[in-house]
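Student: Right, I'll just put the structure down here and ask away after.
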Amino acid sequence: MIVKLCNASELPAPGAMRTFRGHNLQLCVARPEDAPERICVFDNRCPHQGAPLNTGHLEGSTVVCPYHAWRFDIATGQPQMPCDPPLITYEARQYDDEIFIRIP
Ligand code: FES
């Protein structure tokens with residue numbers, strides 16, 4: 001299912017994160033400072049113990065959890081430590097001034 005996430009004007013600045021709710025999801029959107037053209041959308045709940053990742057911080061295209069500093073690639077969801085569970089990510093596309101995501 002493809003749904004509208006937001007308008008392009010609502011995207012966070014490069015290097016910042018912003019949360020969105022809807023469709024029973026708690027989402028976080030970020031644009032890496034080193035690749036601001038990329039729109040990364042991921043579950044805002046850390047797969048470890050559910051910390052709100054938007055209260056952590058970004059290091060390039062890596063989000064660092066505020067609770068225990070687990071790290072995840074925000075484009076792929078891959079954890080820094082291979083034994084950790086991955087972060088759920090969502091495909092995002094921009095059409096004109098609107099941002100859409102694909103929900104499985
Ligand atoms: S809750 Fe995120 S690393 Fe523990």
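Going by the structure tokens order, chains are called A, B, ..., each with residues numbered from 1, while ligands are numbered from 1 in the order shown.
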How close does each residue of chain A get to ligand 1, giving the shortest atom pair and distance in Å to one decimal for every residue with an atom at most 7 Å away, counting only C-alpha atoms and all ligand atoms, sorted by chain and residue number, as a Markdown table?
Tutor:
```
| residue | atom | partner | partner_atom_place_in_ligand_line | distance |
| --- | --- | --- | --- | --- |
| A:Cys46 | CA | ligand 1 | 2 (Fe) | 4.6 |
| A:Pro47 | CA | ligand 1 | 2 (Fe) | 6.5 |
| A:His48 | CA | ligand 1 | 1 (S) | 4.6 |
| A:Gln49 | CA | ligand 1 | 1 (S) | 3.8 |
| A:Gly50 | CA | ligand 1 | 1 (S) | 5.1 |
| A:Ala51 | CA | ligand 1 | 1 (S) | 4.5 |
| A:Cys65 | CA | ligand 1 | 2 (Fe) | 4.7 |
| A:Pro66 | CA | ligand 1 | 2 (Fe) | 6.5 |
| A:Tyr67 | CA | ligand 1 | 1 (S) | 5.0 |
| A:His68 | CA | ligand 1 | 3 (S) | 3.9 |
| A:Ala69 | CA | ligand 1 | 3 (S) | 5.1 |
| A:Trp70 | CA | ligand 1 | 3 (S) | 4.3 |
```
Student: Any chance you could list, as number ranges by chain, the residues in chain A that come up strand (DSSP E) when DSSP is run on the backbone?
Tutor: A: 2-7, 17-22, 25-30, 40-43, 57-59, 62-64, 71-73, 89-90, 92-95, 98-102
Student: Residues as selected, C-alpha atoms, written as a tab-separated table (two decimals), in the first residue's frame, can you do that?
Tutor:
```
chain	number	residue	atom	x	y	z
A	2	ILE	CA	1.32	3.45	-0.92
A	3	VAL	CA	0.23	6.35	1.27
A	4	LYS	CA	1.02	10.01	1.49
A	5	LEU	CA	3.40	10.85	4.32
A	6	CYS	CA	3.62	14.62	4.10
A	7	ASN	CA	4.28	17.60	1.90
A	17	MET	CA	14.76	14.18	12.30
A	18	ARG	CA	11.01	14.65	12.42
A	19	THR	CA	8.26	12.28	13.52
A	20	PHE	CA	5.00	11.49	11.79
A	21	ARG	CA	2.08	9.35	12.95
A	22	GLY	CA	-0.57	7.64	10.94
A	25	LEU	CA	2.79	3.69	12.59
A	26	GLN	CA	5.21	5.88	14.50
A	27	LEU	CA	7.61	7.05	11.84
A	28	CYS	CA	10.77	9.10	11.83
A	29	VAL	CA	11.97	10.91	8.73
A	30	ALA	CA	15.51	12.11	8.20
A	40	CYS	CA	14.88	8.08	4.85
A	41	VAL	CA	11.78	6.85	6.67
A	42	PHE	CA	12.03	4.40	9.53
A	43	ASP	CA	10.17	3.11	12.57
A	57	HIS	CA	21.00	11.80	17.07
A	58	LEU	CA	22.25	11.34	13.53
A	59	GLU	CA	25.81	10.74	12.49
A	62	THR	CA	23.40	6.50	11.04
A	63	VAL	CA	20.89	7.04	13.83
A	64	VAL	CA	22.17	6.53	17.36
A	71	ARG	CA	23.33	2.36	15.81
A	72	PHE	CA	21.38	1.74	12.61
A	73	ASP	CA	21.74	2.77	8.99
A	89	THR	CA	12.57	1.12	7.13
A	90	TYR	CA	10.07	2.24	4.50
A	92	ALA	CA	9.90	6.79	0.24
A	93	ARG	CA	9.35	8.67	-3.00
A	94	GLN	CA	8.72	12.29	-3.83
A	95	TYR	CA	6.22	13.21	-6.53
A	98	GLU	CA	4.34	15.35	-1.92
A	99	ILE	CA	6.16	12.50	-0.16
A	100	PHE	CA	4.76	8.97	-0.27
A	101	ILE	CA	5.82	5.78	1.47
A	102	ARG	CA	5.20	2.13	0.75
```
Student: Between A:Pro85, A:Pro79, A:Gly15, A:Pro36, which one has atoms that come closest to Gly56 (chain A), using only C-alpha atoms?
Tutor: A:Gly15
Student: State, in Å with one decimal place, the distance from CA of Asn24 (chain A) to CA of Leu53 (chain A).
Tutor: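 Calculated distance between CA of Asn24 (chain A) and CA of Leu53 (chain A) is 17.1 Å.
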Student: Counting only C-alpha atoms, which residue out of A:Ile74, A:Ala13, A:Ala8, A:Ile103 sits closest to Pro86 (chain A)?
Tutor: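 Once distances to Pro86 (chain A) are computed over only C-alpha atoms, the minimum belongs to A:Ile74.
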Student: Tell me, in Å to one decimal, how far CA of Gly60 (chain A) is from CA of Pro32 (chain A).
Tutor: 5.4 Å
Student: Taking only C-alpha atoms into account, which of A:His23, A:Pro104, A:Arg38, A:Thr55 comes nearest Thr76 (chain A)?
Tutor: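 That would be A:Arg38, the residue with the smallest distance to Thr76 (chain A).
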